[in-house]
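First the structure, in the form of structure tokens, and then the observations on it.
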Amino acid sequence: MFKKTLVTFTLAAILPASAIADISRLQNLLAATPEGGWVQANTTTYSSAWATGLSAVPPTPSGPGAVVRAWSSFAWDSTRGDLLLWGGGHANYAGNEMYVWDGGSGAWTRGSLSSRVDANAYVVDNAAPQSSHTYDNNVFLPVNDMFLTFGGAAYTSGGIFSSARGTEGPWLWDPTKADPNKVGGTTGSGYDPASQGGQMWVNRQGQFSSTNATYSDFVNGTTAYRTENGKDVVYLTPNQHSSGFPSLYRYTFGDVRQGGTDKMEKIGVMWNAAASTGAATIDSAHNLYVRSAMGGQYGDFAVWDLSKSNAANPDANREIKVDLKLENGTPFEMNVNYGVEYDPANGKILLWDGASKGKVWSVTPGVDAAGKVLTTWTVTELSITSAAQPSGNFVTGVLGKWKYVSELGAFVALNEYSNTTGDAEVWLYKPFAAAVPEPSVYVMMLAGIGLMGWVARRRRTC
């Protein structure tokens, strides 16, 4: 009892109260949901968090709904149990405000007001990023406790983040400074000049060294995160100039708040497959970076073995083109509609089919006994066990709106924005638990172990 009290006290001393995730509400929702089922988790609508009056962004073609609809992704703030949503961009929406879905209450809130843009579509104070399509490029960095975006197709250029100073980014947003009534940049930079600035953004351009890497555009990019040696590390495949042959990079972040520097390395190339818009994940059991490919002759997955990462000679680390097949041998065609995330509890990759409501598919990574990646993997359709499920019908694909949350042992999904309801619903998907052998199988296993032990003892005696 004493130890439990001490640990709670220590955490509270390190983190402010607002930064300790309260996921009990989400856990309760999942406890009442059958395995293989969905449950809606938001209690207010997405549009209820939009700015009004002088602070609202002048209507650009799609409005704030485009932050969800226009080639977008979210990041899961594991420190607070929140969903962080940022996007817009290109010919869709000029606003660069942050939206926060509070997992503790289920309510949509706003993390900042939007910055004003000038006639060149540059942010007026250069203290925050241009709004952008984000594809699968939004990530949370738990070590630095910050949101990261590489962007994609910026407003209105359709290219990399830029300003009058030239190329910018990647950009980090500080959730400890979130304020729905402050602009993300400096005072006076909002659509309402009276709005105070929160100075929430950090531009990392010029703060990284590179090995065989160039900072290029991130249109159609994918990312996957993990902690390595106590540092935030993001693996990414920016699709340079929409070539269809993105290379693999590793981006390691220093201590941002203490002036640390970053490192960007090119560690692999695409040679056999081809890829466009999609999503990616890391198979932690086999140390693989797995991203969706174009399908058909170009492969359904492009897979890199991260143990073979080679910053000195990235051309030597080429991806494996993987084809997906159903259990009956029928080809399974990958496309932009699928979210791609690894479930470490099951050792499977789960695909959310955004074109077909809440349909979920399970992919078994194909790796032989020697650790060699096989070129054909098996896909199984999973039964949906709940009547409730998201509507899907994505216009530009799921992309990065499908995340596995380890502390929940479940997936968080952001549904397509609805003009009718003004909502982008947040849903939880509870995966099937890993298969457990029947009691009779356990008996047979134990009997087998006992027999092996008896044989070993007999051999030693002989």
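By order of appearance in the structure tokens: chains A, B, ..., then residues from 1 within every chain, and ligands from 1 in the order shown.
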
Point to revise | Residues near Val290 (chain A), cut-off 12 Å, only C-alpha atoms, skip fewer than 2 positions along chain, as an MDAnalysis selection string | key: chainID A and resid 222:224 235:237 248 275 278:284 286:288 292:293 299:306 319:322 339:342 348:350 363 365:366 373

Using only N, CA and C atoms, please write the residues we just selected to a file, as a tab-separated table (two decimals), in the first residue's frame.
```
chain	number	residue	atom	x	y	z
A	222	THR	N	4.62	9.04	-44.87
A	222	THR	CA	4.18	8.18	-43.77
A	222	THR	C	5.21	8.25	-42.65
A	223	THR	N	4.77	7.96	-41.42
A	223	THR	CA	5.66	7.98	-40.26
A	223	THR	C	5.31	6.85	-39.30
A	224	ALA	N	6.26	6.49	-38.45
A	224	ALA	CA	6.01	5.58	-37.33
A	224	ALA	C	7.02	5.93	-36.25
A	235	TYR	N	10.57	7.28	-37.75
A	235	TYR	CA	10.92	6.74	-39.06
A	235	TYR	C	9.91	7.29	-40.06
A	236	LEU	N	10.36	7.67	-41.24
A	236	LEU	CA	9.46	8.33	-42.17
A	236	LEU	C	9.85	8.05	-43.62
A	237	THR	N	8.83	8.13	-44.48
A	237	THR	CA	9.05	7.97	-45.92
A	237	THR	C	8.46	9.15	-46.65
A	248	LEU	N	13.54	5.77	-47.08
A	248	LEU	CA	13.28	5.64	-45.65
A	248	LEU	C	14.29	6.47	-44.87
A	275	ALA	N	4.89	3.52	-54.07
A	275	ALA	CA	3.94	3.95	-53.04
A	275	ALA	C	3.51	5.38	-53.28
A	278	GLY	N	-0.71	6.91	-48.20
A	278	GLY	CA	-0.92	5.71	-47.39
A	278	GLY	C	-0.58	5.94	-45.93
A	279	ALA	N	-0.26	4.87	-45.23
A	279	ALA	CA	0.06	4.94	-43.80
A	279	ALA	C	1.11	3.89	-43.50
A	280	ALA	N	1.72	4.00	-42.30
A	280	ALA	CA	2.80	3.09	-41.94
A	280	ALA	C	2.75	2.74	-40.46
A	281	THR	N	3.50	1.69	-40.12
A	281	THR	CA	3.61	1.26	-38.73
A	281	THR	C	4.93	0.52	-38.56
A	282	ILE	N	5.29	0.23	-37.31
A	282	ILE	CA	6.47	-0.58	-37.01
A	282	ILE	C	6.03	-1.88	-36.37
A	283	ASP	N	6.40	-3.00	-36.98
A	283	ASP	CA	6.22	-4.32	-36.39
A	283	ASP	C	7.38	-4.50	-35.41
A	284	SER	N	7.10	-4.27	-34.13
A	284	SER	CA	8.16	-4.28	-33.13
A	284	SER	C	8.70	-5.68	-32.87
A	286	HIS	N	9.34	-7.99	-35.11
A	286	HIS	CA	10.29	-8.35	-36.16
A	286	HIS	C	11.16	-7.18	-36.60
A	287	ASN	N	10.99	-6.02	-35.98
A	287	ASN	CA	11.79	-4.83	-36.27
A	287	ASN	C	11.65	-4.40	-37.73
A	288	LEU	N	10.38	-4.27	-38.17
A	288	LEU	CA	10.10	-3.94	-39.55
A	288	LEU	C	9.34	-2.63	-39.66
A	292	SER	N	1.98	1.12	-46.54
A	292	SER	CA	1.15	0.70	-47.66
A	292	SER	C	1.81	1.12	-48.97
A	293	ALA	N	1.66	0.26	-49.98
A	293	ALA	CA	2.18	0.54	-51.31
A	293	ALA	C	0.98	0.73	-52.25
A	299	GLY	N	3.01	-4.03	-55.49
A	299	GLY	CA	3.04	-4.52	-54.13
A	299	GLY	C	2.00	-3.83	-53.26
A	300	ASP	N	1.57	-4.54	-52.20
A	300	ASP	CA	0.60	-3.98	-51.26
A	300	ASP	C	1.27	-3.33	-50.06
A	301	PHE	N	2.41	-3.86	-49.67
A	301	PHE	CA	3.23	-3.27	-48.61
A	301	PHE	C	4.66	-3.09	-49.12
A	302	ALA	N	5.30	-2.03	-48.66
A	302	ALA	CA	6.75	-1.88	-48.79
A	302	ALA	C	7.31	-2.04	-47.39
A	303	VAL	N	8.27	-2.97	-47.24
A	303	VAL	CA	8.75	-3.34	-45.91
A	303	VAL	C	10.27	-3.21	-45.85
A	304	TRP	N	10.74	-2.52	-44.82
A	304	TRP	CA	12.18	-2.43	-44.56
A	304	TRP	C	12.51	-3.13	-43.26
A	305	ASP	N	13.60	-3.89	-43.26
A	305	ASP	CA	14.14	-4.49	-42.04
A	305	ASP	C	15.00	-3.43	-41.36
A	306	LEU	N	14.53	-2.90	-40.22
A	306	LEU	CA	15.24	-1.79	-39.57
A	306	LEU	C	16.59	-2.21	-38.99
A	319	GLU	N	13.86	-2.00	-49.88
A	319	GLU	CA	12.63	-2.53	-49.29
A	319	GLU	C	12.27	-3.89	-49.91
A	320	ILE	N	11.44	-4.63	-49.18
A	320	ILE	CA	10.88	-5.88	-49.70
A	320	ILE	C	9.46	-5.58	-50.17
A	321	LYS	N	9.15	-5.94	-51.39
A	321	LYS	CA	7.79	-5.77	-51.90
A	321	LYS	C	6.95	-6.96	-51.44
A	322	VAL	N	5.87	-6.65	-50.72
A	322	VAL	CA	5.02	-7.71	-50.15
A	322	VAL	C	3.64	-7.67	-50.79
A	339	GLY	N	-6.31	2.39	-42.96
A	339	GLY	CA	-5.38	2.76	-41.91
A	339	GLY	C	-4.53	1.55	-41.60
A	340	VAL	N	-3.28	1.74	-41.22
A	340	VAL	CA	-2.34	0.64	-41.00
A	340	VAL	C	-1.70	0.80	-39.62
A	341	GLU	N	-1.93	-0.14	-38.69
A	341	GLU	CA	-1.35	-0.04	-37.36
A	341	GLU	C	-1.04	-1.43	-36.81
A	342	TYR	N	0.10	-1.54	-36.12
A	342	TYR	CA	0.53	-2.81	-35.52
A	342	TYR	C	-0.06	-2.96	-34.12
A	348	LYS	N	-0.09	-8.70	-34.76
A	348	LYS	CA	-0.74	-8.56	-36.05
A	348	LYS	C	-0.77	-7.08	-36.46
A	349	ILE	N	-0.88	-6.84	-37.76
A	349	ILE	CA	-1.15	-5.51	-38.28
A	349	ILE	C	-2.63	-5.44	-38.59
A	350	LEU	N	-3.31	-4.44	-38.04
A	350	LEU	CA	-4.74	-4.29	-38.28
A	350	LEU	C	-4.99	-3.14	-39.26
A	363	VAL	N	-3.63	-8.68	-40.52
A	363	VAL	CA	-2.53	-9.14	-41.39
A	363	VAL	C	-1.48	-9.83	-40.53
A	365	PRO	N	2.21	-10.79	-40.24
A	365	PRO	CA	3.51	-10.53	-40.88
A	365	PRO	C	4.19	-11.86	-41.24
A	366	GLY	N	4.63	-11.96	-42.48
A	366	GLY	CA	5.27	-13.18	-42.94
A	366	GLY	C	6.78	-13.12	-42.76
A	373	VAL	N	12.10	-11.80	-44.32
A	373	VAL	CA	10.75	-11.34	-44.64
A	373	VAL	C	10.25	-12.06	-45.89
```

Show me, as a short mmCIF file (atom, residue, chain, number, x, y, z; two decimals) with N, CA and C atoms, in the first residue's frame, the residues that have an atom within 9 Å of Leu408 (chain A) when counting only C-alpha atoms, minus same-chain residues fewer than 4 positions from it.
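Wrote it out as selection-v5.cif, contents follow:
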```cif
data_model
loop_
_atom_site.label_atom_id
_atom_site.label_comp_id
_atom_site.auth_asym_id
_atom_site.auth_seq_id
_atom_site.Cartn_x
_atom_site.Cartn_y
_atom_site.Cartn_z
N ILE A 23 -7.50 8.12 -18.29
CA ILE A 23 -8.09 7.30 -19.33
C ILE A 23 -9.15 6.36 -18.76
N LEU A 26 -12.31 6.08 -20.84
CA LEU A 26 -12.11 5.28 -22.04
C LEU A 26 -12.00 3.80 -21.69
N GLN A 27 -11.34 3.50 -20.59
CA GLN A 27 -11.24 2.11 -20.15
C GLN A 27 -12.61 1.53 -19.83
N LEU A 30 -14.44 0.73 -23.02
CA LEU A 30 -13.91 -0.49 -23.63
C LEU A 30 -14.34 -1.73 -22.85
N TYR A 404 -2.99 2.71 -32.69
CA TYR A 404 -3.02 1.78 -31.56
C TYR A 404 -2.51 2.51 -30.33
#
```

Check your understanding: Neighbours of Gly397 (chain A) within 12 Å (only C-alpha atoms; same-chain residues fewer than 5 positions away dropped), as a ChimeraX atom specification?
Key -> /A:68-73,135-136,220,276-279,334-340,352-356,392,402,414-417

Preceding selection exported with C-alpha atoms as a PDB file, in the first residue's frame:
```pdb
ATOM      1  CA  VAL A  68     -10.160  16.155 -41.012  1.00  0.00           C
ATOM      2  CA  ARG A  69     -11.228  15.601 -44.610  1.00  0.00           C
ATOM      3  CA  ALA A  70      -8.249  16.877 -46.616  1.00  0.00           C
ATOM      4  CA  TRP A  71      -5.537  14.164 -46.495  1.00  0.00           C
ATOM      5  CA  SER A  72      -5.080  14.334 -42.733  1.00  0.00           C
ATOM      6  CA  SER A  73      -3.849  12.572 -39.617  1.00  0.00           C
ATOM      7  CA  TYR A 135      -1.124  12.642 -44.683  1.00  0.00           C
ATOM      8  CA  ASP A 136       0.416  10.252 -42.105  1.00  0.00           C
ATOM      9  CA  ASN A 220       2.078  11.404 -49.359  1.00  0.00           C
ATOM     10  CA  SER A 276       1.755   7.014 -52.945  1.00  0.00           C
ATOM     11  CA  THR A 277      -0.715   8.157 -50.292  1.00  0.00           C
ATOM     12  CA  GLY A 278      -0.918   5.710 -47.390  1.00  0.00           C
ATOM     13  CA  ALA A 279       0.062   4.938 -43.805  1.00  0.00           C
ATOM     14  CA  MET A 334      -4.193  -2.372 -50.688  1.00  0.00           C
ATOM     15  CA  ASN A 335      -5.374   1.204 -51.272  1.00  0.00           C
ATOM     16  CA  VAL A 336      -5.537   4.630 -49.682  1.00  0.00           C
ATOM     17  CA  ASN A 337      -8.699   3.823 -47.730  1.00  0.00           C
ATOM     18  CA  TYR A 338      -6.867   1.656 -45.205  1.00  0.00           C
ATOM     19  CA  GLY A 339      -5.378   2.765 -41.910  1.00  0.00           C
ATOM     20  CA  VAL A 340      -2.338   0.638 -40.996  1.00  0.00           C
ATOM     21  CA  TRP A 352      -9.273  -0.232 -40.888  1.00  0.00           C
ATOM     22  CA  ASP A 353     -11.167  -0.184 -44.163  1.00  0.00           C
ATOM     23  CA  GLY A 354     -12.389   3.401 -44.288  1.00  0.00           C
ATOM     24  CA  ALA A 355     -14.539   2.702 -47.335  1.00  0.00           C
ATOM     25  CA  SER A 356     -16.666   0.141 -45.511  1.00  0.00           C
ATOM     26  CA  GLY A 392     -16.388   5.533 -42.832  1.00  0.00           C
ATOM     27  CA  TRP A 402      -6.124   5.102 -36.969  1.00  0.00           C
ATOM     28  CA  LEU A 414     -11.244   9.460 -36.202  1.00  0.00           C
ATOM     29  CA  ASN A 415     -14.269   9.181 -38.464  1.00  0.00           C
ATOM     30  CA  GLU A 416     -14.743  11.276 -41.607  1.00  0.00           C
ATOM     31  CA  TYR A 417     -16.081  14.819 -41.084  1.00  0.00           C
TER      32      TYR A 417
END
```

Point to revise | Computed interatomic separation between CA of Gly87 (chain A) and CA of Phe411 (chain A) (Å) | key: 21.1 Å

**Study point:** Nearest-residue call for Ala21 (chain A), choices A:Phe208, A:Gly81, A:Gly63, A:Trp76, using only C-alpha atoms
**Key:**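 Distance minimum relative to Ala21 (chain A) lands on A:Gly81.
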
Review point. What gap, in Å, lies between CA of Thr364 (chain A) and CA of Trp377 (chain A)?
Key: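 Taking CA of Thr364 (chain A) as the start and CA of Trp377 (chain A) as the end point, the length is 6.2 Å.
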
Practice item. Any chance you could list, as a PyMOL selection string, the residues in region 16-264 of chain A that come up strand (DSSP E) when DSSP is run on the backbone? Key: chain A and resi 37-40+74-77+82-85+99-102+108-110+132-133+138-141+146-149+153-154+162-163+166-167+171-173+201-203+208-211+223-228+231-236+248-252+262-264

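Proximity to Val100 (chain A) was assessed for A:Thr44, A:Asn317, A:Ser132, A:Asn239 counting only C-alpha atoms; the smallest distance is recorded for A:Thr44.
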